[in-house]
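Structure file structure_38.txt with compact mmCIF, C-alpha atoms:
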```
# COMPACT_ATOMS: atom_id res chain seq x y z
CA MET W 1 -23.32 10.97 18.10
CA THR W 2 -22.30 10.94 14.44
CA ALA W 3 -21.48 7.68 12.71
CA THR W 4 -17.86 8.83 12.41
CA THR W 5 -17.54 9.47 16.15
CA ARG W 6 -18.99 6.05 16.84
CA LEU W 7 -16.64 4.45 14.33
CA VAL W 8 -13.67 5.91 16.18
CA GLU W 9 -15.08 4.58 19.47
CA VAL W 10 -15.72 1.10 18.15
CA ARG W 11 -12.34 1.07 16.45
CA THR W 12 -10.69 2.03 19.74
CA LYS W 13 -12.46 -0.89 21.40
CA ILE W 14 -11.25 -3.30 18.71
CA LEU W 15 -7.72 -1.98 19.09
CA LYS W 16 -7.97 -2.62 22.82
CA GLN W 17 -9.14 -6.19 22.19
CA ASN W 18 -6.26 -6.61 19.75
CA ASP W 19 -3.79 -5.34 22.35
CA VAL W 20 -5.03 -7.84 24.93
CA THR W 21 -4.67 -10.71 22.45
CA ALA W 22 -1.27 -9.42 21.32
CA ARG W 23 -0.04 -9.24 24.89
CA ALA W 24 -1.08 -12.85 25.50
CA LEU W 25 0.66 -13.90 22.28
CA ARG W 26 3.85 -12.07 23.26
CA GLU W 27 3.89 -13.92 26.61
CA ARG W 28 3.38 -17.25 24.81
CA PHE W 29 6.18 -16.47 22.35
CA GLU W 30 8.58 -15.49 25.14
CA ALA W 31 7.73 -18.53 27.24
CA ALA W 32 8.34 -20.78 24.23
CA GLY W 33 11.63 -19.05 23.41
CA VAL W 34 10.63 -18.24 19.84
CA CYS W 35 11.73 -14.92 18.33
CA VAL W 36 8.80 -13.50 16.34
CA VAL W 37 9.61 -11.09 13.53
CA SER W 38 6.95 -9.27 11.50
CA LEU W 39 7.36 -7.62 8.10
CA VAL W 40 5.26 -4.70 6.86
CA SER W 41 5.54 -2.80 3.57
CA SER W 42 3.51 -1.63 0.61
CA PRO W 43 2.61 -4.26 -2.00
CA GLY W 44 5.58 -5.43 -4.02
CA ALA W 45 8.37 -4.09 -1.80
CA GLY W 46 9.88 -7.56 -1.69
CA LYS W 47 8.69 -9.07 1.61
CA THR W 48 8.12 -12.55 0.23
CA THR W 49 11.37 -12.73 -1.74
CA LEU W 50 13.39 -11.56 1.25
CA LEU W 51 11.58 -14.01 3.49
CA GLN W 52 12.18 -16.85 1.04
CA LYS W 53 15.95 -16.19 1.04
CA THR W 54 15.98 -15.65 4.80
CA LEU W 55 14.18 -18.92 5.55
CA GLN W 56 16.54 -20.84 3.25
CA ARG W 57 19.58 -19.46 5.05
CA LEU W 58 18.24 -19.63 8.62
CA ARG W 59 17.03 -23.22 8.37
CA GLU W 60 20.65 -24.38 8.15
CA ARG W 61 21.04 -23.40 11.82
CA TYR W 62 17.59 -22.68 13.25
CA ARG W 63 14.06 -24.07 13.39
CA VAL W 64 11.97 -21.56 11.46
CA ALA W 65 8.36 -21.10 10.32
CA ALA W 66 6.20 -18.40 8.77
CA LEU W 67 2.64 -17.09 8.65
CA VAL W 68 1.79 -14.98 5.63
CA GLY W 69 -1.17 -12.63 5.21
CA ASP W 70 -2.89 -11.62 1.97
CA LEU W 71 -6.37 -10.49 0.98
CA ALA W 72 -6.58 -13.32 -1.53
CA THR W 73 -4.57 -16.24 -3.01
CA GLU W 74 -2.20 -18.74 -1.41
CA ASN W 75 0.63 -17.68 -3.73
CA ASP W 76 2.96 -16.45 -1.03
CA ALA W 77 2.57 -19.54 1.15
CA GLN W 78 3.37 -21.66 -1.89
CA ARG W 79 6.46 -19.58 -2.67
CA LEU W 80 7.68 -19.77 0.92
CA ALA W 81 7.00 -23.49 1.22
CA GLN W 82 9.79 -24.01 -1.32
CA ALA W 83 12.20 -23.21 1.51
CA ASN W 84 11.01 -26.44 3.14
CA VAL W 85 9.85 -24.91 6.37
CA PRO W 86 6.35 -24.87 7.90
CA VAL W 87 4.28 -22.09 6.31
CA ARG W 88 0.64 -21.12 6.66
CA GLN W 89 -1.36 -18.56 4.68
CA ILE W 90 -3.80 -16.23 6.42
CA THR W 91 -6.38 -15.02 3.89
CA THR W 92 -7.94 -11.82 5.19
CA GLY W 93 -10.66 -11.28 2.57
CA THR W 94 -11.23 -7.54 2.56
CA VAL W 95 -9.34 -6.82 5.79
CA CYS W 96 -6.32 -4.66 4.99
CA HIS W 97 -4.01 -5.84 7.80
CA LEU W 98 -3.28 -8.78 10.11
CA GLU W 99 -4.76 -8.77 13.61
CA ALA W 100 -3.49 -10.60 16.68
CA GLU W 101 -6.51 -12.90 16.70
CA MET W 102 -5.80 -14.03 13.12
CA VAL W 103 -2.26 -14.93 14.16
CA GLU W 104 -3.53 -16.77 17.22
CA GLN W 105 -5.98 -18.82 15.14
CA ALA W 106 -3.44 -19.60 12.41
CA LEU W 107 -0.93 -20.89 14.95
CA ASP W 108 -3.51 -23.45 16.05
CA ASP W 109 -1.63 -26.69 16.80
CA TRP W 110 1.91 -25.49 16.10
CA ARG W 111 4.36 -26.35 18.89
CA LEU W 112 5.97 -22.96 19.47
CA ASP W 113 8.65 -24.39 21.75
CA GLU W 114 9.96 -26.32 18.74
CA LEU W 115 10.69 -23.07 16.87
CA ASP W 116 13.54 -20.56 17.08
CA PHE W 117 12.09 -18.00 14.66
CA LEU W 118 8.55 -17.32 13.51
CA PHE W 119 8.03 -14.75 10.75
CA LEU W 120 4.75 -12.91 10.20
CA GLU W 121 4.37 -11.37 6.75
CA ASN W 122 1.65 -8.73 6.87
CA VAL W 123 -0.74 -7.73 4.08
CA GLY W 124 0.92 -5.28 1.65
CA ASN W 125 -0.13 -1.94 3.10
CA LEU W 126 1.99 0.91 4.43
CA VAL W 127 -0.81 2.42 6.51
CA CYS W 128 -3.23 0.17 8.37
CA PRO W 129 -0.95 -2.55 9.81
CA ALA W 130 0.78 0.17 11.86
CA THR W 131 -1.80 0.19 14.64
CA TYR W 132 -2.15 -3.58 15.15
CA ASP W 133 0.29 -5.18 17.57
CA LEU W 134 0.81 -8.85 16.67
CA GLY W 135 2.86 -9.77 19.72
CA GLU W 136 6.07 -9.71 17.67
CA ALA W 137 9.49 -9.06 19.24
CA LEU W 138 10.78 -7.25 16.17
CA ARG W 139 8.82 -5.33 13.55
CA LEU W 140 10.47 -4.51 10.25
CA VAL W 141 9.27 -1.93 7.77
CA LEU W 142 10.52 -2.50 4.24
CA PHE W 143 10.49 -0.02 1.41
CA SER W 144 12.06 -0.47 -1.98
CA VAL W 145 14.25 2.00 -3.86
CA THR W 146 11.61 2.12 -6.60
CA GLU W 147 9.08 3.65 -4.18
CA GLY W 148 11.10 6.82 -3.69
CA GLU W 149 13.03 8.48 -0.86
CA ASP W 150 10.03 10.36 0.54
CA LYS W 151 8.03 7.40 1.81
CA PRO W 152 9.11 7.72 5.47
CA LEU W 153 7.82 11.32 5.52
CA LYS W 154 4.54 10.36 3.89
CA TYR W 155 3.83 7.25 5.98
CA PRO W 156 5.30 8.26 9.36
CA THR W 157 3.10 6.03 11.55
CA ILE W 158 4.42 2.78 10.15
CA PHE W 159 8.00 3.94 10.63
CA ASN W 160 7.20 4.99 14.18
CA THR W 161 5.82 1.59 15.12
CA ALA W 162 8.64 -0.44 13.50
CA ASP W 163 12.00 -1.32 15.05
CA VAL W 164 14.16 -1.59 11.95
CA ALA W 165 13.85 -0.20 8.41
CA LEU W 166 15.01 -2.27 5.45
CA ILE W 167 15.61 -0.51 2.14
CA THR W 168 15.09 -3.23 -0.47
CA LYS W 169 15.88 -3.78 -4.18
CA MET W 170 19.21 -1.95 -3.86
CA ASP W 171 20.22 -3.58 -7.18
CA LEU W 172 17.77 -1.15 -8.85
CA ALA W 173 19.07 1.95 -7.01
CA ALA W 174 21.09 3.29 -9.95
CA ALA W 175 18.35 2.62 -12.51
CA VAL W 176 15.84 4.68 -10.51
CA GLU W 177 18.41 7.29 -9.38
CA PHE W 178 17.68 6.50 -5.74
CA ASP W 179 19.18 9.01 -3.29
CA LEU W 180 20.21 6.84 -0.34
CA ALA W 181 21.41 9.77 1.78
CA ALA W 182 18.03 11.51 1.38
CA ALA W 183 16.18 8.29 2.27
CA ARG W 184 18.27 7.84 5.41
CA ARG W 185 17.74 11.49 6.33
CA ASN W 186 13.97 11.11 5.93
CA ILE W 187 13.90 7.99 8.12
CA GLN W 188 15.88 9.77 10.84
CA ALA W 189 13.59 12.82 10.60
CA VAL W 190 10.59 10.61 11.37
CA ARG W 191 12.26 8.24 13.79
CA PRO W 192 15.61 9.49 15.12
CA GLY W 193 18.06 6.66 15.82
CA MET W 194 16.17 4.03 13.83
CA GLU W 195 18.34 1.16 12.60
CA VAL W 196 18.43 1.00 8.78
CA LEU W 197 19.72 -1.79 6.55
CA GLU W 198 20.13 -1.75 2.77
CA LEU W 199 19.44 -5.00 0.98
CA SER W 200 19.10 -6.72 -2.34
CA SER W 201 17.52 -10.16 -2.25
CA LYS W 202 18.63 -10.54 -5.86
CA THR W 203 22.37 -9.85 -5.51
CA GLY W 204 22.67 -10.77 -1.82
CA GLU W 205 23.92 -7.28 -0.90
CA GLY W 206 23.32 -6.64 2.81
CA MET W 207 22.11 -10.19 3.53
CA LYS W 208 24.95 -10.97 5.93
CA ARG W 209 24.21 -7.93 8.08
CA TRP W 210 20.51 -8.81 8.06
CA LEU W 211 21.12 -12.43 9.10
CA ASP W 212 23.55 -11.25 11.80
CA LEU W 213 20.86 -8.92 13.16
CA LEU W 214 18.43 -11.85 13.36
CA ALA W 215 21.01 -14.14 14.99
CA SER W 216 21.70 -11.48 17.63
CA ARG W 217 18.03 -11.72 18.63
CA GLN W 218 18.12 -15.43 19.32
CA MET Z 1 -23.16 -7.98 19.78
CA THR Z 2 -19.38 -8.22 19.52
CA ALA Z 3 -17.27 -5.14 18.86
CA THR Z 4 -16.35 -6.58 15.46
CA THR Z 5 -19.99 -7.00 14.43
CA ARG Z 6 -20.68 -3.47 15.51
CA LEU Z 7 -17.63 -2.19 13.60
CA VAL Z 8 -18.98 -3.76 10.43
CA GLU Z 9 -22.36 -2.12 11.05
CA VAL Z 10 -20.92 1.32 11.74
CA ARG Z 11 -18.58 0.99 8.77
CA THR Z 12 -21.55 0.13 6.54
CA LYS Z 13 -23.31 3.27 7.78
CA ILE Z 14 -20.24 5.40 6.99
CA LEU Z 15 -20.00 3.86 3.55
CA LYS Z 16 -23.65 4.75 2.98
CA GLN Z 17 -22.98 8.36 4.02
CA ASN Z 18 -19.98 8.38 1.68
CA ASP Z 19 -22.14 7.10 -1.18
CA VAL Z 20 -24.69 9.85 -0.65
CA THR Z 21 -21.98 12.53 -0.69
CA ALA Z 22 -20.29 10.90 -3.71
CA ARG Z 23 -23.57 10.85 -5.62
CA ALA Z 24 -24.07 14.58 -4.96
CA LEU Z 25 -20.49 15.26 -6.07
CA ARG Z 26 -20.99 13.25 -9.27
CA GLU Z 27 -24.08 15.31 -10.10
CA ARG Z 28 -22.15 18.54 -9.46
CA PHE Z 29 -19.27 17.37 -11.66
CA GLU Z 30 -21.59 16.39 -14.48
CA ALA Z 31 -23.56 19.64 -14.28
CA ALA Z 32 -20.31 21.63 -14.42
CA GLY Z 33 -19.02 19.57 -17.37
CA VAL Z 34 -15.78 18.60 -15.60
CA CYS Z 35 -14.36 15.12 -16.15
CA VAL Z 36 -13.12 13.81 -12.80
CA VAL Z 37 -10.42 11.15 -12.86
CA SER Z 38 -9.11 9.42 -9.73
CA LEU Z 39 -5.83 7.52 -9.33
CA VAL Z 40 -5.28 4.70 -6.84
CA SER Z 41 -2.17 2.57 -6.31
CA SER Z 42 0.22 1.38 -3.66
CA PRO Z 43 2.82 3.89 -2.43
CA GLY Z 44 5.48 4.69 -5.01
CA ALA Z 45 3.73 3.27 -8.09
CA GLY Z 46 4.21 6.61 -9.81
CA LYS Z 47 0.87 8.41 -9.42
CA THR Z 48 2.40 11.84 -8.81
CA THR Z 49 4.98 11.62 -11.61
CA LEU Z 50 2.35 10.48 -14.10
CA LEU Z 51 0.01 13.23 -12.95
CA GLN Z 52 2.77 15.83 -13.24
CA LYS Z 53 3.44 14.88 -16.88
CA THR Z 54 -0.27 14.58 -17.61
CA LEU Z 55 -1.08 18.04 -16.23
CA GLN Z 56 1.79 19.60 -18.19
CA ARG Z 57 0.51 18.12 -21.45
CA LEU Z 58 -3.22 18.62 -20.87
CA ARG Z 59 -2.94 22.27 -19.88
CA GLU Z 60 -1.92 23.13 -23.44
CA ARG Z 61 -5.50 22.36 -24.51
CA TYR Z 62 -7.64 22.02 -21.38
CA ARG Z 63 -8.35 23.71 -18.05
CA VAL Z 64 -7.08 21.23 -15.44
CA ALA Z 65 -6.71 20.99 -11.66
CA ALA Z 66 -5.84 18.37 -9.04
CA LEU Z 67 -6.53 17.36 -5.45
CA VAL Z 68 -3.91 15.13 -3.88
CA GLY Z 69 -4.27 13.00 -0.75
CA ASP Z 70 -1.54 11.95 1.67
CA LEU Z 71 -1.36 11.03 5.34
CA ALA Z 72 1.30 13.71 5.87
CA THR Z 73 3.39 16.34 4.00
CA GLU Z 74 2.49 18.74 1.20
CA ASN Z 75 5.23 17.30 -1.04
CA ASP Z 76 2.93 16.06 -3.78
CA ALA Z 77 0.98 19.31 -4.05
CA GLN Z 78 4.29 21.16 -4.36
CA ARG Z 79 5.48 18.78 -7.08
CA LEU Z 80 2.23 19.10 -9.00
CA ALA Z 81 2.10 22.88 -8.64
CA GLN Z 82 5.18 23.01 -10.89
CA ALA Z 83 2.82 22.20 -13.76
CA ASN Z 84 1.28 25.65 -13.14
CA VAL Z 85 -2.25 24.41 -12.57
CA PRO Z 86 -4.43 24.77 -9.44
CA VAL Z 87 -3.51 22.04 -6.92
CA ARG Z 88 -4.66 21.40 -3.38
CA GLN Z 89 -3.33 18.88 -0.84
CA ILE Z 90 -5.70 16.86 1.35
CA THR Z 91 -3.83 15.71 4.45
CA THR Z 92 -5.67 12.74 5.93
CA GLY Z 93 -3.67 12.27 9.16
CA THR Z 94 -4.08 8.58 9.96
CA VAL Z 95 -6.94 7.94 7.51
CA CYS Z 96 -5.74 5.50 4.86
CA HIS Z 97 -7.93 6.66 1.96
CA LEU Z 98 -9.80 9.66 0.57
CA GLU Z 99 -13.51 10.02 1.32
CA ALA Z 100 -16.11 11.94 -0.67
CA GLU Z 101 -16.54 14.47 2.12
CA MET Z 102 -12.81 15.30 2.08
CA VAL Z 103 -13.05 15.98 -1.66
CA GLU Z 104 -16.15 18.13 -1.15
CA GLN Z 105 -14.43 20.21 1.53
CA ALA Z 106 -11.20 20.60 -0.45
CA LEU Z 107 -13.09 21.85 -3.51
CA ASP Z 108 -14.44 24.70 -1.37
CA ASP Z 109 -14.54 27.81 -3.57
CA TRP Z 110 -13.27 26.28 -6.82
CA ARG Z 111 -15.43 27.11 -9.83
CA LEU Z 112 -15.97 23.66 -11.29
CA ASP Z 113 -17.55 25.04 -14.47
CA GLU Z 114 -14.19 26.62 -15.27
CA LEU Z 115 -12.48 23.22 -15.39
CA ASP Z 116 -12.33 20.50 -18.07
CA PHE Z 117 -10.46 17.90 -15.98
CA LEU Z 118 -10.10 17.43 -12.24
CA PHE Z 119 -7.70 14.74 -10.99
CA LEU Z 120 -7.98 13.13 -7.55
CA GLU Z 121 -4.80 11.41 -6.39
CA ASN Z 122 -5.68 9.01 -3.58
CA VAL Z 123 -3.49 8.02 -0.61
CA GLY Z 124 -0.99 5.29 -1.58
CA ASN Z 125 -2.90 2.14 -0.62
CA LEU Z 126 -4.01 -0.77 -2.78
CA VAL Z 127 -6.71 -1.90 -0.36
CA CYS Z 128 -8.82 0.65 1.48
CA PRO Z 129 -9.57 3.27 -1.23
CA ALA Z 130 -11.45 0.56 -3.16
CA THR Z 131 -14.67 0.94 -1.20
CA TYR Z 132 -14.92 4.74 -1.21
CA ASP Z 133 -16.68 6.30 -4.19
CA LEU Z 134 -15.40 9.85 -4.75
CA GLY Z 135 -17.90 10.79 -7.44
CA GLU Z 136 -15.27 10.36 -10.15
CA ALA Z 137 -16.19 9.53 -13.76
CA LEU Z 138 -13.08 7.41 -14.28
CA ARG Z 139 -11.07 5.48 -11.72
CA LEU Z 140 -7.57 4.31 -12.60
CA VAL Z 141 -5.62 1.69 -10.75
CA LEU Z 142 -1.86 1.92 -11.30
CA PHE Z 143 0.68 -0.75 -10.54
CA SER Z 144 4.34 -0.65 -11.41
CA VAL Z 145 6.39 -3.41 -13.01
CA THR Z 146 8.55 -3.50 -9.86
CA GLU Z 147 5.56 -4.66 -7.77
CA GLY Z 148 5.21 -7.94 -9.64
CA GLU Z 149 2.71 -9.54 -11.98
CA ASP Z 150 0.58 -11.09 -9.20
CA LYS Z 151 -0.80 -7.88 -7.70
CA PRO Z 152 -4.20 -8.05 -9.49
CA LEU Z 153 -4.78 -11.53 -7.99
CA LYS Z 154 -3.75 -10.40 -4.52
CA TYR Z 155 -5.69 -7.13 -4.47
CA PRO Z 156 -8.78 -8.02 -6.52
CA THR Z 157 -11.17 -5.49 -4.95
CA ILE Z 158 -9.29 -2.45 -6.17
CA PHE Z 159 -9.14 -3.88 -9.69
CA ASN Z 160 -12.85 -4.61 -9.56
CA THR Z 161 -13.76 -1.04 -8.63
CA ALA Z 162 -11.47 0.62 -11.19
CA ASP Z 163 -12.25 1.34 -14.85
CA VAL Z 164 -8.77 1.22 -16.36
CA ALA Z 165 -5.49 -0.38 -15.23
CA LEU Z 166 -2.18 1.40 -15.91
CA ILE Z 167 1.01 -0.63 -15.71
CA THR Z 168 3.68 1.94 -14.86
CA LYS Z 169 7.50 2.17 -14.93
CA MET Z 170 7.69 0.10 -18.11
CA ASP Z 171 11.27 1.41 -18.54
CA LEU Z 172 12.22 -0.92 -15.65
CA ALA Z 173 10.42 -3.97 -17.07
CA ALA Z 174 13.57 -5.67 -18.37
CA ALA Z 175 15.61 -4.94 -15.22
CA VAL Z 176 12.99 -6.65 -13.03
CA GLU Z 177 12.18 -9.38 -15.60
CA PHE Z 178 8.53 -8.29 -15.68
CA ASP Z 179 6.24 -10.74 -17.46
CA LEU Z 180 3.73 -8.47 -19.21
CA ALA Z 181 1.66 -11.33 -20.62
CA ALA Z 182 1.24 -12.81 -17.12
CA ALA Z 183 0.28 -9.41 -15.69
CA ARG Z 184 -2.34 -8.91 -18.41
CA ARG Z 185 -3.65 -12.45 -17.83
CA ASN Z 186 -3.97 -11.78 -14.10
CA ILE Z 187 -5.87 -8.53 -14.68
CA GLN Z 188 -8.27 -10.29 -17.06
CA ALA Z 189 -8.74 -13.14 -14.56
CA VAL Z 190 -9.91 -10.67 -11.93
CA ARG Z 191 -11.74 -8.27 -14.23
CA PRO Z 192 -12.49 -9.69 -17.69
CA GLY Z 193 -12.46 -7.04 -20.41
CA MET Z 194 -10.67 -4.39 -18.33
CA GLU Z 195 -8.80 -1.81 -20.40
CA VAL Z 196 -5.05 -1.91 -19.72
CA LEU Z 197 -2.38 0.61 -20.71
CA GLU Z 198 1.39 0.28 -20.33
CA LEU Z 199 3.26 3.45 -19.52
CA SER Z 200 6.59 4.96 -18.64
CA SER Z 201 6.47 8.52 -17.35
CA LYS Z 202 10.26 8.55 -17.72
CA THR Z 203 10.58 7.59 -21.39
CA GLY Z 204 7.12 8.74 -22.50
CA GLU Z 205 6.17 5.22 -23.66
CA GLY Z 206 2.38 4.88 -23.77
CA MET Z 207 1.73 8.56 -22.97
CA LYS Z 208 0.02 9.27 -26.30
CA ARG Z 209 -2.49 6.46 -25.81
CA TRP Z 210 -3.13 7.62 -22.26
CA LEU Z 211 -3.72 11.25 -23.29
CA ASP Z 212 -5.98 10.07 -26.14
CA LEU Z 213 -8.02 8.06 -23.63
CA LEU Z 214 -8.46 11.17 -21.48
CA ALA Z 215 -9.34 13.35 -24.49
CA SER Z 216 -12.01 10.84 -25.52
CA ARG Z 217 -13.69 11.43 -22.15
CA GLN Z 218 -14.04 15.19 -22.64
```
Target encoding structure tokens, full file:
Amino acid sequence: MTATTRLVEVRTKILKQNDVTARALRERFEAAGVCVVSLVSSPGAGKTTLLQKTLQRLRERYRVAALVGDLATENDAQRLAQANVPVRQITTGTVCHLEAEMVEQALDDWRLDELDFLFLENVGNLVCPATYDLGEALRLVLFSVTEGEDKPLKYPTIFNTADVALITKMDLAAAVEFDLAAARRNIQAVRPGMEVLELSSKTGEGMKRWLDLLASRQ
Amino acid sequence: MTATTRLVEVRTKILKQNDVTARALRERFEAAGVCVVSLVSSPGAGKTTLLQKTLQRLRERYRVAALVGDLATENDAQRLAQANVPVRQITTGTVCHLEAEMVEQALDDWRLDELDFLFLENVGNLVCPATYDLGEALRLVLFSVTEGEDKPLKYPTIFNTADVALITKMDLAAAVEFDLAAARRNIQAVRPGMEVLELSSKTGEGMKRWLDLLASRQ
């Protein structure tokens, strides 16, 4: 057996372990009545800024919290804590994605039945988080207008495992000559029927529709 | 032994195999007198556009070629082929990075001694390519002003394994209120003394310095 073949086998085993943990998490979340939403994207697509604005708005009506994953630093947890909601950082070291077990450990003593929404911000990576179920009810894939219209075609797996696509930084669309129709076409080519929202955390464009989508899940 | 422990062991073995192949590649490159330059970044940081402009300019004086990695599509190879230089696409499927063996196979029948520069464009990922040596003489990490100044702190490994950092899309710096001094500080915090260039493939800002840097390597 080559090392590569064995790597695939061991990886498959880890994925199975992850699925078992994720399934248990999903049952816990459902029993507690908390809607768990995860965010995946490449680095710098605007996950943290969107989450910051979302937490600020949601906390007027709901009990919300967030777990945020990064290789290093507690920067994002500090940014999110400004929204005055419970936030915990998961520092993954060299691991390029969140795993269900990391979520389980980070939750620790949190009373899930006292939450309406729990957000999971994944490590910035448009590839590896795709294959790790975190027990979430809703997975969002974000990509910003500055990344280009072709990203859905080039990173199909992440679009295939997400429920909703958010196109972010719409305020920069004109400056980068972003072709929205082409982007939407590429998303539909990879994942026909996928729900797509356009957003700008800066100008507030699309925020109402996004918050309505979340509210409909509660 | 847990599955995770075994994964680390098998991964270490694969990395060792990769290092052996990379070392052989590096010897081949040096013997042929070709300067091999690799580019890593998150998706949409502008690797392909920069490479397109670079190939167009370099081919006036040098013999150049490129290998370009993506999970799916041949889009980038098609874009780069417009520069009228030899280009080959490496399609990695679900693999989130290039490995030395993929480079070796893609080179196939290319006469390396007939090249001055060979560029390797990695899969868009700011995490996983860090640990895979491709035998290159120069590794560049790109990050765009739209990704934010904190990326070096959050993805330290990739900055630690690269030789030069390129800050791209400088034409958008004002629109996104990019703090160049902070970005430079963060790079130096992670990798003291690292060479940093600021570029805009759109306006041409910084291109002369970048081409001079390449020429100095030939």
Practice item. Starting from chain W, keep only residues with some atom at most 9 Å from an atom of chain Z, counting all atoms listed in the file, and report them as a ChimeraX atom specification. Key: /W:3-4,6-7,10-11,13-14,17,42-46,70-73,75,94-96,124-128,144,146-148,150-151,153-157,172,175-176
Where is the centre and how long are the edges: axis-aligned box on segment 175-193 of chain Z, 4 Å on each side, Å to one decimal, as JSON:
```
{"center_x": 1.6, "center_y": -9.0, "center_z": -16.3, "size_x": 36.1, "size_y": 16.2, "size_z": 16.7}
```
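For the pair atom CA of Leu50 of chain W and atom CA of Gln78 of chain W, the interatomic distance is 14.6 Å.
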As a PDB file with C-alpha atoms, keeping the file's coordinate frame, please: the residues near Pro192 of chain Z (cut-off 12 Å, all atoms listed in the file, same-chain neighbours under 5 positions excluded).
```
ATOM      1  CA  PRO Z 152      -4.200  -8.050  -9.490  1.00  0.00           C
ATOM      2  CA  PRO Z 156      -8.780  -8.020  -6.520  1.00  0.00           C
ATOM      3  CA  PHE Z 159      -9.140  -3.880  -9.690  1.00  0.00           C
ATOM      4  CA  ASN Z 160     -12.850  -4.610  -9.560  1.00  0.00           C
ATOM      5  CA  ASP Z 163     -12.250   1.340 -14.850  1.00  0.00           C
ATOM      6  CA  VAL Z 164      -8.770   1.220 -16.360  1.00  0.00           C
ATOM      7  CA  ALA Z 165      -5.490  -0.380 -15.230  1.00  0.00           C
ATOM      8  CA  ARG Z 184      -2.340  -8.910 -18.410  1.00  0.00           C
ATOM      9  CA  ARG Z 185      -3.650 -12.450 -17.830  1.00  0.00           C
ATOM     10  CA  ASN Z 186      -3.970 -11.780 -14.100  1.00  0.00           C
ATOM     11  CA  ILE Z 187      -5.870  -8.530 -14.680  1.00  0.00           C
TER      12      ILE Z 187
END
```
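From atom CA of Cys35 of chain W back to atom CA of Pro86 of chain W, the distance works out to 15.4 Å.
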Exercise for review: May I ask for the distance between atom CA of Gly135 of chain Z and atom CA of Leu39 of chain Z, given in Å to one decimal place?
Suggested key: 12.6 Å
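Closest approach to Leu51 of chain Z among Z:Glu121, Z:Glu195, Z:Glu177, Z:Asp116 is made by Z:Glu121 (distances from only C-alpha atoms).
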Check your understanding: Counting only C-alpha atoms, what is within 10 Å of Glu114 of chain W, bar same-chain residues fewer than 3 positions away, as an MDAnalysis selection string?
Key -> chainID W and resid 32:34 63:64 110:111 117
Take segment 95-106 of chain Z, bring it up to N, CA and C atoms, and give me the output as a PDB file, in the frame of the given file.
```pdb
ATOM      1  N   VAL Z  95      -5.923   8.598   8.345  1.00  0.00           N
ATOM      2  CA  VAL Z  95      -6.940   7.940   7.510  1.00  0.00           C
ATOM      3  C   VAL Z  95      -6.281   7.469   6.206  1.00  0.00           C
ATOM      4  N   CYS Z  96      -6.513   6.191   5.888  1.00  0.00           N
ATOM      5  CA  CYS Z  96      -5.740   5.500   4.860  1.00  0.00           C
ATOM      6  C   CYS Z  96      -6.326   5.613   3.458  1.00  0.00           C
ATOM      7  N   HIS Z  97      -7.259   6.533   3.256  1.00  0.00           N
ATOM      8  CA  HIS Z  97      -7.930   6.660   1.960  1.00  0.00           C
ATOM      9  C   HIS Z  97      -8.608   8.019   1.901  1.00  0.00           C
ATOM     10  N   LEU Z  98      -8.971   8.465   0.698  1.00  0.00           N
ATOM     11  CA  LEU Z  98      -9.800   9.660   0.570  1.00  0.00           C
ATOM     12  C   LEU Z  98     -11.264   9.287   0.724  1.00  0.00           C
ATOM     13  N   GLU Z  99     -12.067  10.207   1.261  1.00  0.00           N
ATOM     14  CA  GLU Z  99     -13.510  10.020   1.320  1.00  0.00           C
ATOM     15  C   GLU Z  99     -14.173  11.172   0.571  1.00  0.00           C
ATOM     16  N   ALA Z 100     -15.407  10.939   0.143  1.00  0.00           N
ATOM     17  CA  ALA Z 100     -16.110  11.940  -0.670  1.00  0.00           C
ATOM     18  C   ALA Z 100     -16.199  13.278   0.050  1.00  0.00           C
ATOM     19  N   GLU Z 101     -16.406  13.217   1.365  1.00  0.00           N
ATOM     20  CA  GLU Z 101     -16.540  14.470   2.120  1.00  0.00           C
ATOM     21  C   GLU Z 101     -15.246  15.284   2.108  1.00  0.00           C
ATOM     22  N   MET Z 102     -14.097  14.585   2.135  1.00  0.00           N
ATOM     23  CA  MET Z 102     -12.810  15.300   2.080  1.00  0.00           C
ATOM     24  C   MET Z 102     -12.664  16.033   0.739  1.00  0.00           C
ATOM     25  N   VAL Z 103     -13.117  15.365  -0.323  1.00  0.00           N
ATOM     26  CA  VAL Z 103     -13.050  15.980  -1.660  1.00  0.00           C
ATOM     27  C   VAL Z 103     -13.961  17.203  -1.705  1.00  0.00           C
ATOM     28  N   GLU Z 104     -15.169  17.031  -1.162  1.00  0.00           N
ATOM     29  CA  GLU Z 104     -16.150  18.130  -1.150  1.00  0.00           C
ATOM     30  C   GLU Z 104     -15.588  19.343  -0.418  1.00  0.00           C
ATOM     31  N   GLN Z 105     -14.972  19.097   0.750  1.00  0.00           N
ATOM     32  CA  GLN Z 105     -14.430  20.210   1.530  1.00  0.00           C
ATOM     33  C   GLN Z 105     -13.243  20.875   0.817  1.00  0.00           C
ATOM     34  N   ALA Z 106     -12.393  20.047   0.200  1.00  0.00           N
ATOM     35  CA  ALA Z 106     -11.200  20.600  -0.450  1.00  0.00           C
ATOM     36  C   ALA Z 106     -11.575  21.444  -1.668  1.00  0.00           C
TER      37      ALA Z 106
END
```
